[in-house]
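Scroll down for the structure; my scribbles are underneath it.
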Amino acid sequence: MPILSQPVPAPPYPFADLDRLGDEIADLSAHLDAATARLLALIREFDARGGWNSGFSSCAAWLGWRVGLDLGAARERVRVARALGTLPRLAEALACGEISYAKVRALTRVATPETEARLLAVGRAGTAAHIERIVRGWRRMDRQAEARKATRQHADRGLHVYQDDDGTVLVRGRLAPEVGALLIRALDAARETLYQRARVTAGASPPDPTMAAPTRAQQQADALALLAETALHHEIDPGAPAERYQVVVHVDAAVLADPEQPGQSVLEEGSHVSAETSRRLACDASRVVMQHDDEGRLLEVGARTRTIPPALRRALLHRDRTCRFPGCHVRVGQGHHVRHWAQGGPTTLGNLILLCRRHHHAVHEEGYRVSRGSDGTFDFRRPDGRLLPEVPPTAPVPADPIHTLHAQHAALGLRLHARTACPGWLGERFDVGWALDVLHPRAIALGTRHLEEEPRASLPLVDPVLQQAGRRHVSHFIA
């Protein structure tokens, strides 16, 4: 029976044109990766010098406002930029266009200065998909090791308290790291409290010169006793949340109205706070008015009232939704009086704006200013008076950005082409588990697999690493 075959249609474009188009894509991608390396270096320097600390909570928040990046993408850029500061080989490979930003982003999740060279060899040889698989396996091994360590620490915890023959009590124990840190902080606080009391007592009456000062170990023992007494005194009850987290500030009305006026502005236990801090706390807090006579004696105490009533607060949250500071989208905020109520400003929706804790502090204590325009919009200004726009102006773009990018890289001596970032992988399948066994330091130390088996095929991803180590390699492929 004759078999009829359909004619194969000719491609709509010549193969040479498609190859040229593909080379152009690869060439431009290498240039973009090199430019990304420069961008990350600038972000790292900007972050280290605190250039974002102009009212923004982080470098990522500044990038979201100034460059227009999504907050998640901005955080990832900052993370990679910081990591490359300790990984010079990866940074140089990205700057030369030899590996893509996608590979670098994955490798920086697990790379350390000790493992950088091995992982860079894998990055040059494999595709981005290979790198992601190896990094996922690498992190899984790290998590398993950390879980085993945490389990061992939890199982080894213990505290032994027993009485010696002379009546003294001996204490010996082992605590988990986070519990130990909590105990150390508590002992430090108790020891400092006892030490301060001793100094105050010494100021009232001179101590016995024959009495030696307590050693640190003795101070630690006294601090532990104070912790035990305090816990028993409070019946191991931290108290109601409303009372436990309440901060009381005593401030004169004149100071609230004008920070330059003389008067007190102190916490309940006596610590001084600035007048602007008191004004910030008074923006959105409970208020109790106390009247004193000329000699400071208390005459009358008014009822406690909320500065911003609950109904008005709901309206404020409904209108603003998030912090109104440019570039900030924190949903939990505090009500701020544009004109402070102590200066006669009304507690109305038109005079209120929602600010997060960070930017409420910036407006009161760091010199930032907010004002309401005639059209109802809010304007923010830096401490030097410059306007802080809601959306910054875009940077100028050259008429031919690709040509400009090529010219800049040529001036730096970079010779980038379509094969610069081409991986050495030839299409073979590879055993991720075996690759981790020859790459991961924990697996190498444990010798989890035998590396002297008979090789069956080459594995470009780990060949460079094994050649550097002087080992004979083996590759297992899975279907």
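In the structure tokens, chains take letters A, B, ... by order of appearance, with residues numbered from 1 within each chain and ligands from 1 in the order shown.
All residues of protein, DNA or RNA that reach within 12 Å of Arg133 of chain A, judged by only C-alpha atoms and not counting those fewer than 4 positions away in the chain, are Lys103, Ala106, Leu107, Val122, Gly123, Gly126, Thr127, Ala128, Ala129, Gly137, Trp138, Arg139, Arg140, Phe430, Asp431, Val432, Gly433, Ala435 and Leu436 of chain A.
Neighbours of segment 412-428 of chain A closer than or equal to 8 Å, with only C-alpha atoms counted and sequence neighbours fewer than 5 positions away skipped, come out as Asp23, Glu24, Ile25, Ala26, Asp27, Leu28, Ala30, His31, Cys96, Gly97, Glu98, Ile99, Ser100, Gly123, Arg124, Ala125, Gly126, Thr127, Leu459, Pro460, Leu461 and Phe477 of chain A.
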**Pairwise distance for atom CA of Glu365 of chain A and atom CA of Thr277 of chain A, rounded to one decimal in Å** = 6.7 Å
If we count only C-alpha atoms and set the cut-off at 12 Å, which residues sit around Ala189 of chain A, ignoring sequence neighbours fewer than 5 positions away in its own chain? Please answer as a compact mmCIF listing (two decimals) with C-alpha atoms, in the first residue's frame.
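Saved as selection-v5.txt:
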# COMPACT_ATOMS: atom_id res chain seq x y z
CA LEU A 182 15.93 34.98 78.29
CA LEU A 183 17.51 33.95 81.59
CA ILE A 184 20.67 35.96 80.91
CA LEU A 194 20.47 45.48 92.85
CA TYR A 195 23.64 47.33 91.91
CA GLN A 196 21.79 50.63 91.52
CA GLN A 219 25.94 39.35 92.05
CA GLN A 220 24.48 36.68 89.77
CA ASP A 222 21.72 37.73 94.35
CA ALA A 223 20.03 38.50 91.03
CA LEU A 224 18.61 34.97 90.86
CA LEU A 226 15.57 38.68 93.33
CA LEU A 227 13.96 36.97 90.32
**Request:** Based on DSSP run over this structure's backbone, return all residues of segment 33-182 of chain A in strand (DSSP E or B), as a PyMOL selection string.
**Result:** chain A and resi 158-163+169-174
**Long-range neighbours of Asp156 of chain A as a PyMOL selection string, 12 Å cut-off, only C-alpha atoms, 3 positions minimum in chain** = chain A and resi 149-153+159+173-177
**Prompt:** Rounded to one decimal in Å, what is the spacing between atom CA of Arg75 of chain A and atom CA of Arg442 of chain A?
**Reply:** 29.2 Å
**Message:** Set the distance at 10 Å and use only C-alpha atoms: which residues neighbour Thr348 of chain A once local chain neighbours fewer than 5 positions away are removed? I'd like the list as a ChimeraX atom specification.
**Reply:** /A:308-309,312-313,316,337,353
**Prompt:** Counting only C-alpha atoms, what is within 10 Å of Arg369 of chain A, bar same-chain residues fewer than 5 positions away, as an NGL selection string?
**Reply:** :A and (338 or 362-364 or 379-385 or 387-388)
**Request:** Counting only C-alpha atoms, figure out which residue out of A:Arg280, A:Arg306, A:His154, A:His359 gets nearest to Val332 of chain A.
**Result:**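 Among A:Arg280, A:Arg306, A:His154, A:His359, it is A:His359 that comes nearest to Val332 of chain A.
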**Message:** Considering only C-alpha atoms, can you say which of A:Ser265, A:Ser57, A:Ser274, A:Thr36 comes closest to Cys356 of chain A?
**Reply:**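 The answer is A:Ser57, which sits nearest to Cys356 of chain A.
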**Item:** Pick from A:Met290, A:Leu32, A:His360, A:Asp284 nearest to Gly335 of chain A, counting only C-alpha atoms
**Value:**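 Closest to Gly335 of chain A, using only C-alpha atoms: A:Asp284.
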**Request:** Could you please determine the separation between atom CA of Arg109 of chain A and atom CA of Asp142 of chain A in Å, to one decimal place?
**Result:**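 Going from atom CA of Arg109 of chain A over to atom CA of Asp142 of chain A covers 11.4 Å.
Comparing A:Ala407, A:Ala61, A:Leu119, A:Leu71 by their smallest distance to Leu90 of chain A, the closest is A:Leu119 (using only C-alpha atoms).
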